[in-house]
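Q: To be precise about what I am sending: the file is called upload-v1.cif and holds mmCIF, C-alpha atoms.
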```
data_query
#
loop_
_atom_site.label_atom_id
_atom_site.label_comp_id
_atom_site.auth_asym_id
_atom_site.auth_seq_id
_atom_site.Cartn_x
_atom_site.Cartn_y
_atom_site.Cartn_z
CA MET A 1 -91.78 0.57 73.76
CA SER A 2 -90.49 -1.12 76.92
CA PHE A 3 -89.98 -4.31 74.85
CA GLY A 4 -87.65 -2.36 72.47
CA ILE A 5 -85.61 -0.98 75.40
CA LEU A 6 -85.36 -4.45 76.93
CA ARG A 7 -84.27 -5.89 73.57
CA SER A 8 -81.66 -3.13 73.16
CA LYS A 9 -80.27 -3.77 76.66
CA ARG A 10 -80.18 -7.51 75.98
CA SER A 11 -78.18 -7.08 72.77
CA LYS A 12 -75.74 -4.73 74.52
CA ILE A 13 -75.26 -7.27 77.33
CA LEU A 14 -74.72 -10.12 74.86
CA THR A 15 -72.20 -8.02 72.93
CA LEU A 16 -70.39 -7.14 76.15
CA VAL A 17 -70.31 -10.81 77.23
CA ALA A 18 -68.99 -11.88 73.81
CA LEU A 19 -66.23 -9.23 73.92
CA LEU A 20 -65.34 -10.28 77.46
CA LEU A 21 -65.09 -13.95 76.41
CA VAL A 22 -62.85 -13.03 73.47
CA ALA A 23 -60.64 -10.88 75.71
CA ILE A 24 -60.29 -13.75 78.20
CA SER A 25 -59.70 -16.47 75.60
CA VAL A 26 -57.06 -14.71 73.45
CA PRO A 27 -54.25 -14.90 76.07
CA ILE A 28 -55.21 -18.51 76.82
CA ILE A 29 -55.50 -19.98 73.33
CA GLY A 30 -53.40 -17.43 71.41
CA PRO A 31 -49.95 -18.85 72.31
CA PHE A 32 -50.98 -22.29 71.04
CA THR A 33 -52.71 -21.13 67.87
CA PHE A 34 -52.09 -17.82 66.15
CA TYR A 35 -49.39 -15.86 68.07
CA LYS A 36 -46.57 -17.36 65.97
CA ASP A 37 -48.32 -16.15 62.80
CA VAL A 38 -49.07 -12.63 64.05
CA VAL A 39 -45.80 -11.78 65.82
CA PRO A 40 -43.63 -11.35 62.68
CA TYR A 41 -45.99 -8.61 61.44
CA LEU A 42 -45.81 -6.81 64.79
CA GLY A 43 -41.97 -6.71 64.75
CA PRO A 44 -41.67 -2.96 64.07
CA VAL A 45 -43.74 -2.06 67.14
CA LEU A 46 -42.58 -4.75 69.60
CA PRO A 47 -39.81 -3.77 72.04
CA LYS A 48 -36.57 -5.65 71.36
CA PRO A 49 -34.63 -7.19 74.24
CA GLU A 50 -31.18 -5.93 75.08
CA GLY A 51 -28.63 -7.27 72.62
CA ALA A 52 -30.96 -7.65 69.63
CA PRO A 53 -29.74 -5.61 66.64
CA SER A 54 -31.97 -3.69 64.25
CA ASP A 55 -32.08 -6.56 61.72
CA ALA A 56 -33.44 -9.08 64.28
CA GLN A 57 -36.86 -10.56 63.52
CA PRO A 58 -39.39 -11.66 66.18
CA GLN A 59 -40.75 -15.17 66.60
CA PHE A 60 -43.09 -16.67 69.16
CA HIS A 61 -42.51 -20.17 70.56
CA TRP A 62 -45.03 -21.24 73.18
CA LYS A 63 -42.76 -24.05 74.44
CA GLY A 64 -39.56 -21.99 74.64
CA PHE A 65 -38.85 -18.36 75.41
CA GLY A 66 -42.20 -17.06 74.26
CA LEU A 67 -41.26 -13.96 72.30
CA SER A 68 -37.69 -14.12 71.01
CA TRP A 69 -35.68 -12.31 68.35
CA HIS A 70 -33.56 -14.04 65.68
CA TRP A 71 -30.95 -12.97 63.15
CA LYS A 72 -28.24 -14.55 61.03
CA ARG A 73 -24.72 -13.60 60.03
CA GLU A 74 -23.10 -15.22 56.99
CA LEU A 75 -19.50 -16.17 57.78
CA PRO A 76 -16.66 -17.07 55.38
CA SER A 77 -16.68 -20.64 56.75
CA GLY A 78 -20.33 -21.00 57.67
CA CYS A 79 -23.14 -19.28 59.54
CA ALA A 80 -23.94 -17.78 62.95
CA THR A 81 -27.62 -17.87 63.95
CA TRP A 82 -28.45 -15.65 66.90
CA THR A 83 -31.29 -15.53 69.44
CA ALA A 84 -32.12 -12.88 72.04
CA ALA A 85 -34.98 -13.02 74.53
CA GLU A 86 -36.29 -11.30 77.62
CA GLY A 87 -34.34 -12.04 80.77
CA ARG A 88 -31.21 -10.71 79.04
CA TYR A 89 -30.58 -14.02 77.24
CA ILE A 90 -28.43 -14.23 74.11
CA GLY A 91 -27.35 -17.33 72.24
CA ALA A 92 -25.51 -18.26 69.04
CA ARG A 93 -25.53 -21.44 66.97
CA LEU A 94 -22.46 -21.83 64.75
CA LYS A 95 -22.17 -24.21 61.83
CA ASN A 96 -19.71 -24.93 59.07
CA ASP A 97 -22.43 -24.62 56.42
CA ASP A 98 -24.50 -21.87 54.79
CA CYS A 99 -27.32 -20.18 56.68
CA GLY A 100 -30.02 -21.86 54.62
CA SER A 101 -29.11 -25.40 55.67
CA ASP A 102 -30.33 -27.36 58.68
CA GLY A 103 -26.99 -29.07 59.34
CA PRO A 104 -25.51 -29.77 62.77
CA SER A 105 -24.35 -26.82 64.82
CA LEU A 106 -22.83 -26.03 68.18
CA GLY A 107 -24.13 -23.42 70.53
CA PHE A 108 -22.96 -20.87 73.04
CA SER A 109 -25.37 -18.92 75.23
CA ASN A 110 -25.30 -16.56 78.13
CA PHE A 111 -27.40 -14.28 80.29
CA LEU A 112 -26.01 -10.75 80.04
CA ASP A 113 -25.99 -10.46 83.85
CA ASP A 114 -23.11 -12.94 84.29
CA ASP A 115 -20.01 -14.29 82.59
CA ASP A 116 -21.01 -17.96 82.56
CA ILE A 117 -21.22 -19.71 79.19
CA ASP A 118 -23.53 -22.59 78.40
CA PHE A 119 -22.04 -24.77 75.70
CA ASN A 120 -24.15 -27.06 73.55
CA PRO A 121 -21.90 -29.40 71.55
CA ILE A 122 -22.95 -30.85 68.20
CA SER A 123 -23.23 -34.36 69.63
CA SER A 124 -25.38 -33.51 72.64
CA GLN A 125 -28.64 -31.87 73.62
CA SER A 126 -27.44 -30.98 77.12
CA PHE A 127 -25.46 -27.98 78.25
CA HIS A 128 -21.98 -28.21 79.69
CA CYS A 129 -20.09 -25.66 81.72
CA SER A 130 -16.66 -26.93 80.65
CA ILE A 131 -15.39 -27.70 77.17
CA HIS A 132 -13.69 -30.73 78.73
CA THR A 133 -16.96 -32.25 79.95
CA ALA A 134 -18.20 -32.34 76.35
CA ASP A 135 -15.35 -34.58 75.14
CA GLN A 136 -14.83 -32.53 72.00
CA ALA A 137 -12.13 -33.57 69.55
CA PRO A 138 -9.32 -31.02 69.05
CA GLU A 139 -10.51 -30.56 65.44
CA ALA A 140 -13.99 -29.63 66.67
CA VAL A 141 -12.53 -27.10 69.11
CA ALA A 142 -10.36 -25.63 66.32
CA GLU A 143 -13.42 -25.39 64.05
CA ALA A 144 -15.42 -23.67 66.79
CA SER A 145 -12.53 -21.27 67.37
CA THR A 146 -12.43 -20.38 63.66
CA LEU A 147 -16.19 -19.84 63.51
CA LEU A 148 -16.08 -17.67 66.65
CA ALA A 149 -13.31 -15.50 65.16
CA GLU A 150 -15.35 -15.07 61.98
CA ALA A 151 -18.51 -14.33 63.98
CA LYS A 152 -16.63 -11.66 65.92
CA SER A 153 -15.69 -9.92 62.65
CA ALA A 154 -19.34 -10.05 61.52
CA ALA A 155 -20.81 -8.94 64.88
CA LYS A 156 -22.90 -5.78 64.83
CA SER A 157 -23.88 -5.45 68.49
CA GLU A 158 -22.09 -5.20 71.81
CA ALA A 159 -24.00 -8.25 73.10
CA GLU A 160 -22.81 -10.35 70.13
CA GLU A 161 -19.19 -9.31 70.74
CA ARG A 162 -19.49 -10.02 74.47
CA LEU A 163 -20.87 -13.53 73.94
CA ILE A 164 -18.16 -14.30 71.38
CA GLU A 165 -15.37 -13.09 73.69
CA LEU A 166 -16.73 -15.17 76.60
CA SER A 167 -17.07 -18.17 74.27
CA GLN A 168 -13.49 -17.77 73.04
CA ARG A 169 -12.27 -17.74 76.66
CA PHE A 170 -14.45 -20.78 77.34
CA LEU A 171 -12.77 -22.74 74.53
CA VAL A 172 -9.26 -22.23 75.94
CA GLN A 173 -10.03 -22.85 79.61
CA PRO A 174 -7.68 -25.32 81.27
CA LYS A 175 -8.86 -28.80 82.09
CA PRO A 176 -10.10 -28.99 85.69
CA ALA A 177 -7.83 -30.81 88.13
CA ASP A 178 -8.96 -34.19 89.41
CA GLY A 179 -11.67 -33.73 92.00
CA GLU A 180 -12.56 -30.21 90.81
CA HIS A 181 -15.99 -29.63 89.36
CA PRO A 182 -15.75 -28.29 85.79
CA CYS A 183 -18.28 -25.55 86.54
CA GLY A 184 -16.20 -24.12 89.38
CA GLU A 185 -16.09 -24.22 93.15
CA ASP A 186 -19.31 -22.22 93.72
CA TYR A 187 -21.29 -24.75 91.73
CA ALA A 188 -19.50 -27.63 93.46
CA GLU A 189 -20.54 -26.18 96.85
CA LEU A 190 -24.20 -26.16 95.76
CA LEU A 191 -23.89 -29.78 94.67
CA ARG A 192 -22.15 -30.77 97.93
CA ALA A 193 -24.98 -29.16 99.92
CA ALA A 194 -27.44 -31.24 97.90
CA GLY A 195 -25.34 -34.40 98.47
CA LYS A 196 -24.51 -34.74 94.76
CA TRP A 197 -20.76 -33.98 94.80
CA PRO A 198 -18.02 -35.40 97.02
#
```
For the structure just supplied, provide its representation as structure tokens.
A:
Amino acid sequence: MSFGILRSKRSKILTLVALLLVAISVPIIGPFTFYKDVVPYLGPVLPKPEGAPSDAQPQFHWKGFGLSWHWKRELPSGCATWTAAEGRYIGARLKNDDCGSDGPSLGFSNFLDDDDIDFNPISSQSFHCSIHTADQAPEAVAEASTLLAEAKSAAKSEAEERLIELSQRFLVQPKPADGEHPCGEDYAELLRAAGKWP
């Protein structure tokens, strides 16, 4: 009889240890293995970040934002692909092609807490805080302006409209005077303090 009780306790302990190991390993190995496959099915119950409309779909990227929300808007001249993530981030990629293609695009992004725009030109992987630092041809700026106007007409959320308005202002900003940093004086002060700006 005591052997049966001991055996019962042993199986309960082994079960508890196995459950504990699973509970510990899921957050460690999950992001690299199965999160990206499970997250789309959990979309209806996951909380959406500010700025994500009702038609946004979740995705998980272990190298990027983690959980982010994506949606597309067909435009008369192309496509706007949107991303929202925790930390009040919103971004748009605009292209002069249909939403199903993987053609080149240009991007505008912003954190909803400020009015700064990050611009990602077609020809670069880095972000610029001035349209003039990206050396964009006037035709490319005109194309971006057209796509932004079309994206504004297709926008369904306040966050989309806000990013588009900031991006439109970004496109028409005047060229910085010689010696001025294109990101503004506050940023130039930070660089001066670090010894990286005259």
Q: Please determine, counting all atoms listed in the file, which residue among A:Glu139, A:Asp102, A:Ser157, A:Lys152 has the shortest atom-to-atom distance to A:Asp55.
A: A:Ser157
Q: Could you list, as a list in words, every residue matched by the PyMOL selection byres ((chain A and resi 52) around 10) in this structure?
A: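 With the PyMOL selection byres ((chain A and resi 52) around 10) on this model, the match is Pro47, Lys48, Pro49, Glu50, Gly51, Pro53, Ser54, Asp55, Ala56, Gln57, Pro58, Ser68, Trp69, His70, Trp71, Trp82, Thr83, Ala84, Ala85, Arg88, Tyr89, Ile90, Lys156, Ser157, Glu158, Ala159 and Glu160 of chain A.
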Q: A:Ile13, A:Leu20, A:Leu94, A:Ile164: which is nearest A:Glu74, counting only C-alpha atoms?
A: A:Leu94
Q: Could you jot down the atom CA of A:Leu148 to atom CA of A:Ser167 separation for me, Å, one decimal place?
A: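 Atom CA of A:Ser167 lies 7.7 Å from atom CA of A:Leu148.
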Q: Would you kindly translate the PyMOL selection byres ((chain A and resi 166) around 10) into the concrete residues it picks from this file, as a ChimeraX atom specification?
A: /A:108-110,115-117,161-165,167-171
Q: Could you check how far atom CA of A:Pro76 sits from atom CA of A:Ala144, in Å to one decimal?
A: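 We find that atom CA of A:Pro76 and atom CA of A:Ala144 lie 13.2 Å from each other.
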Q: Can you work out which one of A:Asp178, A:Glu189, A:Glu143, A:Glu150 has the shortest atom-to-atom distance to A:Ser105, counting all atoms listed in the file?
A: A:Glu143
